[in-house]
Amino acid sequence: MVLLLPSCSNQLNTTFWFSTPSYRRNQSHRNSNIIIKCANKRTGKQRYPSEKRKLKSKHKELLSSNDNKSNKFEGTWRLCNLAVPLDQDPGKDFLEVSDALLHVIAKLLKFPVASMLPREPFSVVRKSFDARKEPKFVHTVDMDVQKLLSLEPRSWDFISQLQPKVGLVERVNDEGDFGDLMSIIRDCKENKEDLVKGENGHSIFSKELYKKQDTRKPKIAIVGSGPSGLFAALVLAELGADVTLIERGQPVEKRGRDIGALIVRRILELESNFCFGEGGAGTWSDGKLVTRIGRNSGSVIAVMRTLVQFGATKQILIDGKPHLGTDRLVPLLRNFRQHLQDLGVTIKFGTRVDDLQIEDGQVLGVMVSESADELRLRSQRLECDAVILAVGHSARDVYQMLLTHNVELVPKDFAVGLRIEHPQELINRIQYSELASEVCRGRGKVPVADYKVANYIDKDDFNESTDSKVENRSCYSFCMCPGGQVVLTSTSPSEICINGMSFSRRASRWANAALVVSVTKNDFEALNYYGPLAGVEFQREFERRAAVMGGGNFVVPVQTVPDFLENKLSVTSVPPSSYRLGVKASNLHQLFPANIIEALKHSLETFDKELPGFICNEALLHGVETRTSSPIQIPRDIDSYESTSVKGLYPVGEGAGYAGGIISAAVDGMHAGFAVAKKFNLFHGDVKSVLGKARNAGLVKY
């Protein structure tokens, strides 16, 4: 078995400031053949054959594009992997071209005097910190050749000798320079087609982009104001649709007060909490903007620049691991809301969708009521031509309602587990060694340390019966929050579900991450849960167990990692926790079936090999983490985004099983918005030709 671990740190002999347990890991034969490798980019013989073919093809393209030497002196070149030692770089928050970076650029260009190179032609497009071996910041820089030649003509000879090399020196297609979403749509509406071109020179819209309609505007109801709902609303409103955005929760101002009441007075508002409300569940989280659907794709770039337009710092466009933090998401969402209202969007907060109005297989409207009306006695009909269903994965009542209309729901694999918390200083020292002093609680030169670990185990590694249907499992870290805190994401007082969150500086004393194990239909059936909502009932089972184990009042059951590994409950007090509603020492083995517990134990032992010190007396496990992704998927047409069960219904985002984070959900909503606009003749172009084909991340792990 080979273990691939994406996080590889600068491991030096260091004395930690934290106690280590007397517990000694079991060195049985099942662990003796583990090989631990750092999952960096594969190079040389480590590359897969498909990767080698792709690299060879790309290299040929570069060489062919370089045949015309005059091309060298036009457009933009991208210079990659420009490493600046930590002691020479101004730090993580400096995003301009420093003197040290200019020297590295000069060395790459073989330009003899770095100080003679002007800074203006160079712009940093990516910057990340690498703590392995010699600590350094790695940059990607775009070079405007014509500007360079105009400011320093003597660079002509050096540019003429520049040779493209995949991953190091590449030509940038200037036609793929995407703006924010509003600019893209508005430029095209004004027939400025030459400003927005795709890789193949195709315009995002045809010349007949915007035709004034003699008939009424199509009425579109969008259910949910998370990333997918907001971006779908933005596209449709910009294109002229009559949009109504329905949100069961409250705007961020009121939602923040409701969350405060939960933390201080233990009052859980069922429709306004960490899960429900403006911005979705991601608002009160870490605000991670990392994605596995293509950081450099046109769709992702358009979303990122739209966020900047609404108030996000430009640093998210450059950071290797961009994030916002709750404190920056709140004002951003206020700006987003104001823009939608300026476009004429009707936003109904505190409004719950009780039912769909369907006739002959076609959606004609929705039945809505005030969220405070728990008995749904005053439900009203809202007519519309289409419904974009952009709910989150905690809208379990919506899933139940869809089943009453025979809308197909397919159970989907997801993951459940526990959230582990360490002192942030410990994680800093594990990852950075003596460089930990440079963190300064988010205000230093280097970013607050994080980690990402994964472990694959086959059936032989489990202590379970031989007739088990489970062939293998994976255990991995999820939603790692450096400098964060553990928060309650329950939507019912009889259930306990937790998550992590961070503010922009990540200045908390703690680091937390979910350690979750993949579960499938076989696991649901083992607990006698069947049917489309088996995964939902599977989640509820453990959330209720956690609530009982905590003793009520939103107290969370916890156990130190050494105790968990030894299956014992110490009588001594547990270490401090960032969870503010109280913790109770418990035996977490009683939460999950034995096969999930064994997977967690096995993986903790393995993670400690990669991150020595990960197992320690200060490491505290919290129960329970169950809502890592949607437990269902709502089938839809791959091109039109329309439900395969009901016409006029468009399931999108994380709750529908097509996204796994803020960015992927926003991209999915954006593409769905264009698809609906096309259906109602508000849009006549091809989005894929310029923004690329949308990739969903329903099963992607972060």
# chains A, B, ... in the order shown; residues from 1 in each chain; ligands from 1

call {"tool": "residues_around", "arguments": {"residues": "Gly550 (chain A)", "least_positions_apart": "6", "cutoff": "8 Å", "atoms": "only C-alpha atoms", "output": "PyMOL selection string"}}
result
chain A and resi 556-557+583-584+586

call {"tool": "closest_atom_pairs", "arguments": {"of": "region 474-538 of chain A", "to": "region 315-326 of chain A", "cutoff": "6 Å", "atoms": "only C-alpha atoms", "output": "JSON lines"}}
result
{"residue": "A:Ser502", "atom": "CA", "partner": "A:Gly325", "partner_atom": "CA", "distance": 5.6}
{"residue": "A:Phe503", "atom": "CA", "partner": "A:Gly325", "partner_atom": "CA", "distance": 4.2}
{"residue": "A:Ser504", "atom": "CA", "partner": "A:Gly325", "partner_atom": "CA", "distance": 4.1}

call {"tool": "select_by_dssp", "arguments": {"residues": "region 376-522 of chain A", "states": "strand (DSSP E or B)", "output": "CSV table (one decimal) with all heavy atoms, in the first residue's frame"}}
result
chain,number,residue,atom,x,y,z
A,380,GLN,N,-48.3,30.9,0.4
A,380,GLN,CA,-48.7,31.6,-0.7
A,380,GLN,C,-48.1,31.1,-2.0
A,380,GLN,O,-47.0,30.6,-2.0
A,380,GLN,CB,-48.4,33.1,-0.6
A,380,GLN,CG,-49.0,33.8,0.6
A,380,GLN,CD,-48.6,35.2,0.8
A,380,GLN,OE1,-47.6,35.7,0.2
A,380,GLN,NE2,-49.3,36.0,1.5
A,381,ARG,N,-48.7,31.3,-3.1
A,381,ARG,CA,-48.2,30.8,-4.4
A,381,ARG,C,-47.4,31.9,-5.1
A,381,ARG,O,-47.9,33.1,-5.2
A,381,ARG,CB,-49.4,30.3,-5.3
A,381,ARG,CG,-48.9,29.9,-6.7
A,381,ARG,CD,-50.0,29.2,-7.5
A,381,ARG,NE,-49.6,29.0,-8.8
A,381,ARG,CZ,-50.0,28.1,-9.6
A,381,ARG,NH1,-51.0,27.2,-9.2
A,381,ARG,NH2,-49.7,28.0,-10.9
A,382,LEU,N,-46.3,31.6,-5.6
A,382,LEU,CA,-45.5,32.5,-6.3
A,382,LEU,C,-45.3,31.9,-7.7
A,382,LEU,O,-44.6,30.9,-7.9
A,382,LEU,CB,-44.1,32.7,-5.7
A,382,LEU,CG,-43.1,33.6,-6.4
A,382,LEU,CD1,-43.6,35.0,-6.4
A,382,LEU,CD2,-41.8,33.6,-5.6
A,383,GLU,N,-45.9,32.5,-8.7
A,383,GLU,CA,-45.8,31.9,-10.1
A,383,GLU,C,-44.5,32.3,-10.7
A,383,GLU,O,-43.9,33.3,-10.5
A,383,GLU,CB,-46.9,32.5,-11.0
A,383,GLU,CG,-48.3,32.0,-10.5
A,383,GLU,CD,-49.4,32.5,-11.5
A,383,GLU,OE1,-49.1,33.3,-12.4
A,383,GLU,OE2,-50.6,32.1,-11.3
A,386,ALA,N,-39.5,29.2,-14.3
A,386,ALA,CA,-38.5,28.2,-14.0
A,386,ALA,C,-38.1,28.4,-12.5
A,386,ALA,O,-38.2,29.5,-12.0
A,386,ALA,CB,-37.3,28.4,-14.9
A,387,VAL,N,-37.6,27.3,-11.9
A,387,VAL,CA,-37.1,27.3,-10.6
A,387,VAL,C,-35.7,26.8,-10.6
A,387,VAL,O,-35.4,25.7,-11.0
A,387,VAL,CB,-38.0,26.5,-9.6
A,387,VAL,CG1,-37.3,26.4,-8.2
A,387,VAL,CG2,-39.4,27.0,-9.5
A,388,ILE,N,-34.8,27.6,-10.1
A,388,ILE,CA,-33.4,27.1,-9.9
A,388,ILE,C,-33.3,26.7,-8.4
A,388,ILE,O,-33.4,27.6,-7.5
A,388,ILE,CB,-32.4,28.2,-10.2
A,388,ILE,CG1,-32.4,28.5,-11.7
A,388,ILE,CG2,-31.0,27.8,-9.8
A,388,ILE,CD1,-31.5,29.6,-12.2
A,389,LEU,N,-33.1,25.5,-8.2
A,389,LEU,CA,-33.0,24.9,-6.8
A,389,LEU,C,-31.5,24.9,-6.4
A,389,LEU,O,-30.8,24.1,-6.7
A,389,LEU,CB,-33.6,23.5,-6.8
A,389,LEU,CG,-33.9,22.9,-5.4
A,389,LEU,CD1,-35.0,23.8,-4.7
A,389,LEU,CD2,-34.3,21.5,-5.5
A,410,VAL,N,-30.7,10.5,-6.1
A,410,VAL,CA,-29.8,9.3,-6.1
A,410,VAL,C,-28.9,9.4,-4.9
A,410,VAL,O,-28.2,10.4,-4.7
A,410,VAL,CB,-28.9,9.3,-7.4
A,410,VAL,CG1,-28.0,8.1,-7.4
A,410,VAL,CG2,-29.8,9.2,-8.6
A,411,PRO,N,-28.8,8.4,-4.0
A,411,PRO,CA,-27.9,8.4,-2.9
A,411,PRO,C,-26.5,8.6,-3.4
A,411,PRO,O,-26.1,8.0,-4.4
A,411,PRO,CB,-28.1,7.1,-2.2
A,411,PRO,CG,-29.5,6.6,-2.7
A,411,PRO,CD,-29.6,7.2,-4.1
A,414,PHE,N,-20.4,9.9,0.6
A,414,PHE,CA,-19.8,11.1,1.3
A,414,PHE,C,-18.9,10.6,2.4
A,414,PHE,O,-18.3,9.6,2.3
A,414,PHE,CB,-20.9,12.1,1.8
A,414,PHE,CG,-21.9,11.5,2.7
A,414,PHE,CD1,-21.8,11.6,4.1
A,414,PHE,CD2,-23.0,10.7,2.3
A,414,PHE,CE1,-22.7,11.1,5.0
A,414,PHE,CE2,-23.9,10.1,3.1
A,414,PHE,CZ,-23.8,10.3,4.5
A,415,ALA,N,-18.7,11.4,3.4
A,415,ALA,CA,-17.8,11.0,4.5
A,415,ALA,C,-18.2,11.5,5.8
A,415,ALA,O,-18.9,12.6,5.9
A,415,ALA,CB,-16.4,11.6,4.2
A,416,VAL,N,-17.9,10.8,6.8
A,416,VAL,CA,-18.3,11.2,8.2
A,416,VAL,C,-17.1,10.9,9.1
A,416,VAL,O,-16.2,10.1,8.8
A,416,VAL,CB,-19.5,10.4,8.8
A,416,VAL,CG1,-20.7,10.6,7.9
A,416,VAL,CG2,-19.2,8.9,8.8
A,417,GLY,N,-17.0,11.6,10.2
A,417,GLY,CA,-15.9,11.4,11.2
A,417,GLY,C,-16.0,12.4,12.3
A,417,GLY,O,-17.0,12.8,12.8
A,418,LEU,N,-14.8,12.8,12.7
A,418,LEU,CA,-14.6,13.7,13.9
A,418,LEU,C,-13.8,14.9,13.5
A,418,LEU,O,-13.1,14.9,12.5
A,418,LEU,CB,-13.9,12.9,15.0
A,418,LEU,CG,-14.5,11.6,15.4
A,418,LEU,CD1,-13.6,10.8,16.3
A,418,LEU,CD2,-15.8,11.8,16.1
A,419,ARG,N,-13.9,15.9,14.3
A,419,ARG,CA,-13.0,17.1,14.0
A,419,ARG,C,-11.9,17.1,15.1
A,419,ARG,O,-12.2,17.1,16.3
A,419,ARG,CB,-13.8,18.4,14.1
A,419,ARG,CG,-13.0,19.7,13.7
A,419,ARG,CD,-13.9,20.8,13.2
A,419,ARG,NE,-14.4,20.5,11.9
A,419,ARG,CZ,-13.8,21.0,10.8
A,419,ARG,NH1,-12.6,21.7,10.8
A,419,ARG,NH2,-14.3,20.7,9.6
A,420,ILE,N,-10.7,17.2,14.6
A,420,ILE,CA,-9.5,17.2,15.5
A,420,ILE,C,-9.0,18.6,15.7
A,420,ILE,O,-9.0,19.4,14.7
A,420,ILE,CB,-8.4,16.3,15.0
A,420,ILE,CG1,-7.3,16.1,16.0
A,420,ILE,CG2,-7.9,16.8,13.6
A,420,ILE,CD1,-6.3,15.0,15.6
A,421,GLU,N,-8.6,18.9,16.9
A,421,GLU,CA,-8.1,20.3,17.2
A,421,GLU,C,-6.7,20.2,17.9
A,421,GLU,O,-6.6,19.4,18.9
A,421,GLU,CB,-9.1,21.1,18.0
A,421,GLU,CG,-8.7,22.5,18.3
A,421,GLU,CD,-9.8,23.3,18.9
A,421,GLU,OE1,-10.2,23.1,20.0
A,421,GLU,OE2,-10.4,24.2,18.2
A,422,HIS,N,-5.8,21.0,17.5
A,422,HIS,CA,-4.5,21.1,18.1
A,422,HIS,C,-4.2,22.5,18.4
A,422,HIS,O,-4.8,23.4,17.8
A,422,HIS,CB,-3.3,20.6,17.1
A,422,HIS,CG,-3.4,19.2,16.7
A,422,HIS,ND1,-4.1,18.8,15.7
A,422,HIS,CD2,-2.7,18.1,17.2
A,422,HIS,CE1,-3.9,17.4,15.5
A,422,HIS,NE2,-3.1,17.0,16.4
A,423,PRO,N,-3.3,22.8,19.3
A,423,PRO,CA,-2.8,24.2,19.4
A,423,PRO,C,-2.1,24.6,18.1
A,423,PRO,O,-1.3,23.8,17.5
A,423,PRO,CB,-1.7,24.1,20.6
A,423,PRO,CG,-2.1,22.9,21.4
A,423,PRO,CD,-2.7,21.9,20.3
A,454,ALA,N,-4.1,12.3,3.9
A,454,ALA,CA,-5.0,11.3,3.3
A,454,ALA,C,-4.4,10.0,3.5
A,454,ALA,O,-3.2,9.8,3.5
A,454,ALA,CB,-5.3,11.6,1.9
A,455,ASN,N,-5.3,9.0,3.7
A,455,ASN,CA,-4.8,7.6,3.9
A,455,ASN,C,-5.8,6.7,3.2
A,455,ASN,O,-7.0,6.8,3.4
A,455,ASN,CB,-4.8,7.3,5.4
A,455,ASN,CG,-4.3,5.9,5.7
A,455,ASN,OD1,-3.5,5.4,5.0
A,455,ASN,ND2,-4.8,5.3,6.8
A,456,TYR,N,-5.3,5.7,2.5
A,456,TYR,CA,-6.1,4.7,1.8
A,456,TYR,C,-5.9,3.4,2.5
A,456,TYR,O,-4.8,3.0,2.7
A,456,TYR,CB,-5.8,4.7,0.3
A,456,TYR,CG,-6.6,3.5,-0.4
A,456,TYR,CD1,-7.9,3.7,-0.8
A,456,TYR,CD2,-5.9,2.3,-0.6
A,456,TYR,CE1,-8.6,2.7,-1.4
A,456,TYR,CE2,-6.6,1.3,-1.3
A,456,TYR,CZ,-7.9,1.5,-1.6
A,456,TYR,OH,-8.6,0.5,-2.3
A,457,ILE,N,-7.0,2.7,2.8
A,457,ILE,CA,-6.9,1.4,3.5
A,457,ILE,C,-7.7,0.4,2.7
A,457,ILE,O,-8.9,0.7,2.4
A,457,ILE,CB,-7.4,1.5,4.9
A,457,ILE,CG1,-6.9,2.8,5.6
A,457,ILE,CG2,-7.0,0.3,5.7
A,457,ILE,CD1,-7.7,3.2,6.8
A,458,ASP,N,-7.1,-0.8,2.5
A,458,ASP,CA,-8.0,-1.8,1.8
A,458,ASP,C,-8.6,-2.6,2.9
A,458,ASP,O,-8.4,-2.5,4.1
A,458,ASP,CB,-7.1,-2.7,0.9
A,458,ASP,CG,-6.0,-3.4,1.5
A,458,ASP,OD1,-6.1,-3.7,2.7
A,458,ASP,OD2,-4.9,-3.6,0.9
A,472,ASN,N,-13.0,-1.1,0.4
A,472,ASN,CA,-11.9,-0.2,0.8
A,472,ASN,C,-12.5,1.1,1.3
A,472,ASN,O,-13.7,1.3,1.1
A,472,ASN,CB,-10.9,0.1,-0.4
A,472,ASN,CG,-11.6,0.5,-1.6
A,472,ASN,OD1,-12.3,1.5,-1.6
A,472,ASN,ND2,-11.5,-0.2,-2.7
A,473,ARG,N,-11.6,1.9,2.0
A,473,ARG,CA,-12.0,3.2,2.5
A,473,ARG,C,-10.9,4.1,2.3
A,473,ARG,O,-9.7,3.7,2.2
A,473,ARG,CB,-12.5,3.1,3.9
A,473,ARG,CG,-13.7,2.3,4.2
A,473,ARG,CD,-14.1,2.4,5.7
A,473,ARG,NE,-15.1,1.5,6.1
A,473,ARG,CZ,-16.4,1.8,5.9
A,473,ARG,NH1,-16.8,2.9,5.5
A,473,ARG,NH2,-17.3,0.9,6.3
A,474,SER,N,-11.2,5.4,2.4
A,474,SER,CA,-10.2,6.4,2.5
A,474,SER,C,-10.6,7.3,3.7
A,474,SER,O,-11.7,7.5,4.0
A,474,SER,CB,-10.1,7.3,1.2
A,474,SER,OG,-11.4,7.9,0.9
A,475,CYS,N,-9.5,7.8,4.3
A,475,CYS,CA,-9.7,8.7,5.4
A,475,CYS,C,-8.8,9.9,5.1
A,475,CYS,O,-7.7,9.8,4.7
A,475,CYS,CB,-9.3,8.1,6.8
A,475,CYS,SG,-9.4,9.2,8.2
A,476,TYR,N,-9.4,11.1,5.3
A,476,TYR,CA,-8.6,12.3,4.9
A,476,TYR,C,-9.1,13.5,5.7
A,476,TYR,O,-10.1,13.5,6.4
A,476,TYR,CB,-8.9,12.6,3.4
A,476,TYR,CG,-10.3,12.7,3.0
A,476,TYR,CD1,-11.0,13.9,3.0
A,476,TYR,CD2,-11.1,11.6,2.6
A,476,TYR,CE1,-12.3,14.0,2.7
A,476,TYR,CE2,-12.4,11.7,2.3
A,476,TYR,CZ,-13.0,12.9,2.3
A,476,TYR,OH,-14.3,13.0,1.9
A,477,SER,N,-8.2,14.5,5.7
A,477,SER,CA,-8.6,15.8,6.4
A,477,SER,C,-9.5,16.6,5.5
A,477,SER,O,-9.4,16.5,4.3
A,477,SER,CB,-7.3,16.6,6.8
A,477,SER,OG,-6.6,16.9,5.6
A,478,PHE,N,-10.4,17.3,6.1
A,478,PHE,CA,-11.4,18.0,5.4
A,478,PHE,C,-11.6,19.4,6.1
A,478,PHE,O,-11.7,19.5,7.3
A,478,PHE,CB,-12.7,17.2,5.3
A,478,PHE,CG,-13.9,18.0,4.7
A,478,PHE,CD1,-14.1,18.0,3.4
A,478,PHE,CD2,-14.8,18.6,5.5
A,478,PHE,CE1,-15.1,18.7,2.8
A,478,PHE,CE2,-15.9,19.3,5.0
A,478,PHE,CZ,-16.0,19.3,3.6
A,479,CYS,N,-11.7,20.4,5.3
A,479,CYS,CA,-12.0,21.8,5.8
A,479,CYS,C,-11.0,22.1,6.9
A,479,CYS,O,-11.5,22.5,8.0
A,479,CYS,CB,-13.4,21.9,6.2
A,479,CYS,SG,-14.0,23.6,6.6
A,480,MET,N,-9.7,22.1,6.7
A,480,MET,CA,-8.7,22.4,7.7
A,480,MET,C,-8.8,23.9,7.9
A,480,MET,O,-8.7,24.7,7.0
A,480,MET,CB,-7.4,22.0,7.2
A,480,MET,CG,-6.3,21.9,8.3
A,480,MET,SD,-5.5,23.5,8.6
A,480,MET,CE,-5.0,23.3,10.3
A,481,CYS,N,-8.9,24.3,9.2
A,481,CYS,CA,-9.1,25.8,9.5
A,481,CYS,C,-7.9,26.2,10.4
A,481,CYS,O,-8.0,26.0,11.7
A,481,CYS,CB,-10.4,26.0,10.3
A,481,CYS,SG,-11.8,25.7,9.3
A,482,PRO,N,-6.8,26.7,9.9
A,482,PRO,CA,-5.7,27.2,10.7
A,482,PRO,C,-6.1,28.4,11.4
A,482,PRO,O,-6.9,29.3,10.9
A,482,PRO,CB,-4.6,27.4,9.7
A,482,PRO,CG,-5.3,27.6,8.4
A,482,PRO,CD,-6.5,26.8,8.4
A,483,GLY,N,-5.7,28.6,12.7
A,483,GLY,CA,-6.1,29.7,13.4
A,483,GLY,C,-7.6,29.9,13.5
A,483,GLY,O,-8.1,31.0,13.4
A,484,GLY,N,-8.3,28.8,13.7
A,484,GLY,CA,-9.8,28.9,13.7
A,484,GLY,C,-10.4,28.4,15.0
A,484,GLY,O,-9.8,28.4,16.0
A,485,GLN,N,-11.7,28.0,14.8
A,485,GLN,CA,-12.4,27.5,16.0
A,485,GLN,C,-13.5,26.5,15.5
A,485,GLN,O,-13.8,26.5,14.4
A,485,GLN,CB,-13.1,28.7,16.7
A,485,GLN,CG,-14.0,29.5,15.9
A,485,GLN,CD,-14.6,30.7,16.6
A,485,GLN,OE1,-15.4,30.6,17.5
A,485,GLN,NE2,-14.1,31.9,16.2
A,486,VAL,N,-13.9,25.6,16.4
A,486,VAL,CA,-14.9,24.7,16.1
A,486,VAL,C,-16.3,25.3,16.4
A,486,VAL,O,-16.4,25.9,17.5
A,486,VAL,CB,-14.7,23.4,17.0
A,486,VAL,CG1,-15.8,22.4,16.7
A,486,VAL,CG2,-13.3,22.8,16.7
A,487,VAL,N,-17.2,25.1,15.5
A,487,VAL,CA,-18.5,25.8,15.7
A,487,VAL,C,-19.6,24.7,15.5
A,487,VAL,O,-19.4,23.7,14.9
A,487,VAL,CB,-18.7,26.9,14.7
A,487,VAL,CG1,-17.7,28.0,14.9
A,487,VAL,CG2,-18.6,26.4,13.2
A,488,LEU,N,-20.8,25.1,16.0
A,488,LEU,CA,-22.0,24.2,15.9
A,488,LEU,C,-22.7,24.5,14.6
A,488,LEU,O,-23.1,25.6,14.3
A,488,LEU,CB,-22.9,24.5,17.1
A,488,LEU,CG,-24.2,23.7,17.1
A,488,LEU,CD1,-23.9,22.2,17.5
A,488,LEU,CD2,-25.2,24.3,18.1
A,498,ILE,N,-20.9,19.5,13.8
A,498,ILE,CA,-19.9,20.6,14.0
A,498,ILE,C,-19.1,20.8,12.7
A,498,ILE,O,-19.1,20.0,11.8
A,498,ILE,CB,-18.9,20.3,15.1
A,498,ILE,CG1,-18.2,19.0,14.9
A,498,ILE,CG2,-19.6,20.4,16.5
A,498,ILE,CD1,-17.1,18.7,15.9
A,499,ASN,N,-18.5,22.0,12.6
A,499,ASN,CA,-17.6,22.4,11.5
A,499,ASN,C,-16.5,23.3,12.1
A,499,ASN,O,-16.5,23.5,13.3
A,499,ASN,CB,-18.5,23.1,10.5
A,499,ASN,CG,-17.8,23.2,9.1
A,499,ASN,OD1,-16.8,22.6,8.9
A,499,ASN,ND2,-18.3,24.2,8.3
A,500,GLY,N,-15.7,23.8,11.2
A,500,GLY,CA,-14.7,24.7,11.6
A,500,GLY,C,-14.8,26.1,10.9
A,500,GLY,O,-15.4,26.1,9.8
A,501,MET,N,-14.3,27.1,11.5
A,501,MET,CA,-14.3,28.5,10.8
A,501,MET,C,-13.1,29.2,11.2
A,501,MET,O,-12.5,28.9,12.2
A,501,MET,CB,-15.6,29.2,11.2
A,501,MET,CG,-15.7,29.7,12.6
A,501,MET,SD,-17.0,31.0,12.9
A,501,MET,CE,-16.0,32.4,12.3
A,502,SER,N,-12.7,30.2,10.4
A,502,SER,CA,-11.6,31.1,10.7
A,502,SER,C,-12.0,32.5,10.2
A,502,SER,O,-12.7,32.7,9.3
A,502,SER,CB,-10.3,30.6,10.0
A,502,SER,OG,-9.9,29.4,10.4
A,510,TRP,N,-5.9,28.0,18.0
A,510,TRP,CA,-6.2,26.6,17.7
A,510,TRP,C,-6.2,26.4,16.2
A,510,TRP,O,-6.5,27.3,15.4
A,510,TRP,CB,-7.5,26.1,18.3
A,510,TRP,CG,-7.6,26.0,19.7
A,510,TRP,CD1,-7.1,25.0,20.5
A,510,TRP,CD2,-8.1,26.9,20.7
A,510,TRP,NE1,-7.3,25.2,21.8
A,510,TRP,CE2,-7.9,26.4,22.0
A,510,TRP,CE3,-8.7,28.2,20.6
A,510,TRP,CZ2,-8.3,27.1,23.1
A,510,TRP,CZ3,-9.1,28.8,21.7
A,510,TRP,CH2,-8.9,28.3,23.0
A,511,ALA,N,-5.9,25.2,15.8
A,511,ALA,CA,-6.0,24.7,14.4
A,511,ALA,C,-6.9,23.5,14.5
A,511,ALA,O,-6.8,22.6,15.3
A,511,ALA,CB,-4.6,24.3,13.9
A,512,ASN,N,-7.9,23.4,13.6
A,512,ASN,CA,-8.8,22.3,13.6
A,512,ASN,C,-9.0,21.8,12.1
A,512,ASN,O,-8.9,22.6,11.2
A,512,ASN,CB,-10.1,22.6,14.3
A,512,ASN,CG,-11.0,23.6,13.5
A,512,ASN,OD1,-11.6,23.3,12.5
A,512,ASN,ND2,-11.0,24.9,14.0
A,513,ALA,N,-9.4,20.5,12.0
A,513,ALA,CA,-9.7,19.9,10.7
A,513,ALA,C,-10.6,18.7,11.0
A,513,ALA,O,-10.4,18.0,12.0
A,513,ALA,CB,-8.4,19.5,10.0
A,514,ALA,N,-11.5,18.4,10.1
A,514,ALA,CA,-12.2,17.2,10.1
A,514,ALA,C,-11.3,16.0,9.7
A,514,ALA,O,-10.6,16.2,8.7
A,514,ALA,CB,-13.5,17.3,9.3
A,515,LEU,N,-11.4,14.9,10.3
A,515,LEU,CA,-10.8,13.7,9.9
A,515,LEU,C,-12.0,12.8,9.6
A,515,LEU,O,-12.7,12.3,10.5
A,515,LEU,CB,-9.9,13.1,10.9
A,515,LEU,CG,-8.7,13.9,11.3
A,515,LEU,CD1,-7.8,13.1,12.3
A,515,LEU,CD2,-7.8,14.2,10.1
A,516,VAL,N,-12.3,12.5,8.3
A,516,VAL,CA,-13.5,11.8,7.9
A,516,VAL,C,-13.2,10.6,7.1
A,516,VAL,O,-12.1,10.5,6.4
A,516,VAL,CB,-14.4,12.8,7.1
A,516,VAL,CG1,-15.0,13.9,8.0
A,516,VAL,CG2,-13.7,13.4,5.9
A,517,VAL,N,-14.1,9.7,7.1
A,517,VAL,CA,-14.0,8.4,6.5
A,517,VAL,C,-15.1,8.2,5.4
A,517,VAL,O,-16.2,8.6,5.7
A,517,VAL,CB,-14.1,7.2,7.5
A,517,VAL,CG1,-14.0,5.9,6.8
A,517,VAL,CG2,-13.0,7.4,8.6
A,518,SER,N,-14.7,7.8,4.2
A,518,SER,CA,-15.7,7.6,3.2
A,518,SER,C,-16.7,6.6,3.5
A,518,SER,O,-16.4,5.5,4.1
A,518,SER,CB,-15.0,7.3,1.9
A,518,SER,OG,-14.3,6.1,2.0
A,519,VAL,N,-18.0,6.8,3.2
A,519,VAL,CA,-19.1,5.9,3.5
A,519,VAL,C,-19.9,5.8,2.2
A,519,VAL,O,-20.0,6.7,1.4
A,519,VAL,CB,-20.0,6.3,4.7
A,519,VAL,CG1,-19.2,6.2,6.0
A,519,VAL,CG2,-20.5,7.7,4.5

call {"tool": "residues_around", "arguments": {"residues": "Asp354 (chain A)", "least_positions_apart": "5", "cutoff": "12 Å", "atoms": "only C-alpha atoms", "output": "list in words"}}
result
Val223, Ile246, Arg248, Gly365, Val366, Met367, Val368, Ser369, Glu370, Ser371, Asp373, Glu374, Leu375, Arg376, Leu377, Arg378, Ser379, Gln380, Arg381, Leu382, Ala395, Arg396, Asp397, Val398, Tyr399, Gln400, Met401, Leu402 and Thr404 of chain A

call {"tool": "residues_around", "arguments": {"residues": "Ala677 (chain A)", "least_positions_apart": "4", "cutoff": "10 Å", "atoms": "only C-alpha atoms", "output": "ChimeraX atom specification"}}
result
/A:218,220,232,235-237,239-241,671-673,681-684

call {"tool": "residues_around", "arguments": {"residues": "Val345 (chain A)", "least_positions_apart": "5", "cutoff": "6 Å", "atoms": "only C-alpha atoms", "output": "number ranges by chain"}}
result
A: 243-244, 340

call {"tool": "closest_residue", "arguments": {"among": "A:Ala507, A:Val125, A:Met549, A:Val439", "to": "Asn296 (chain A)", "atoms": "only C-alpha atoms"}}
result
A:Val125

call {"tool": "residues_around", "arguments": {"residues": "Gly535 (chain A)", "least_positions_apart": "6", "cutoff": "10 Å", "atoms": "only C-alpha atoms", "output": "list in words"}}
result
Val410, Pro411, Lys412, Asp413, Phe414, Val519, Thr520, Lys521, Asp523, Phe524, Glu525, Tyr529, Glu541, Ser630, Pro631 and Ile632 of chain A

call {"tool": "select_by_dssp", "arguments": {"residues": "region 121-191 of chain A", "states": "helix (DSSP H, G or I)", "output": "count of residues only"}}
result
27
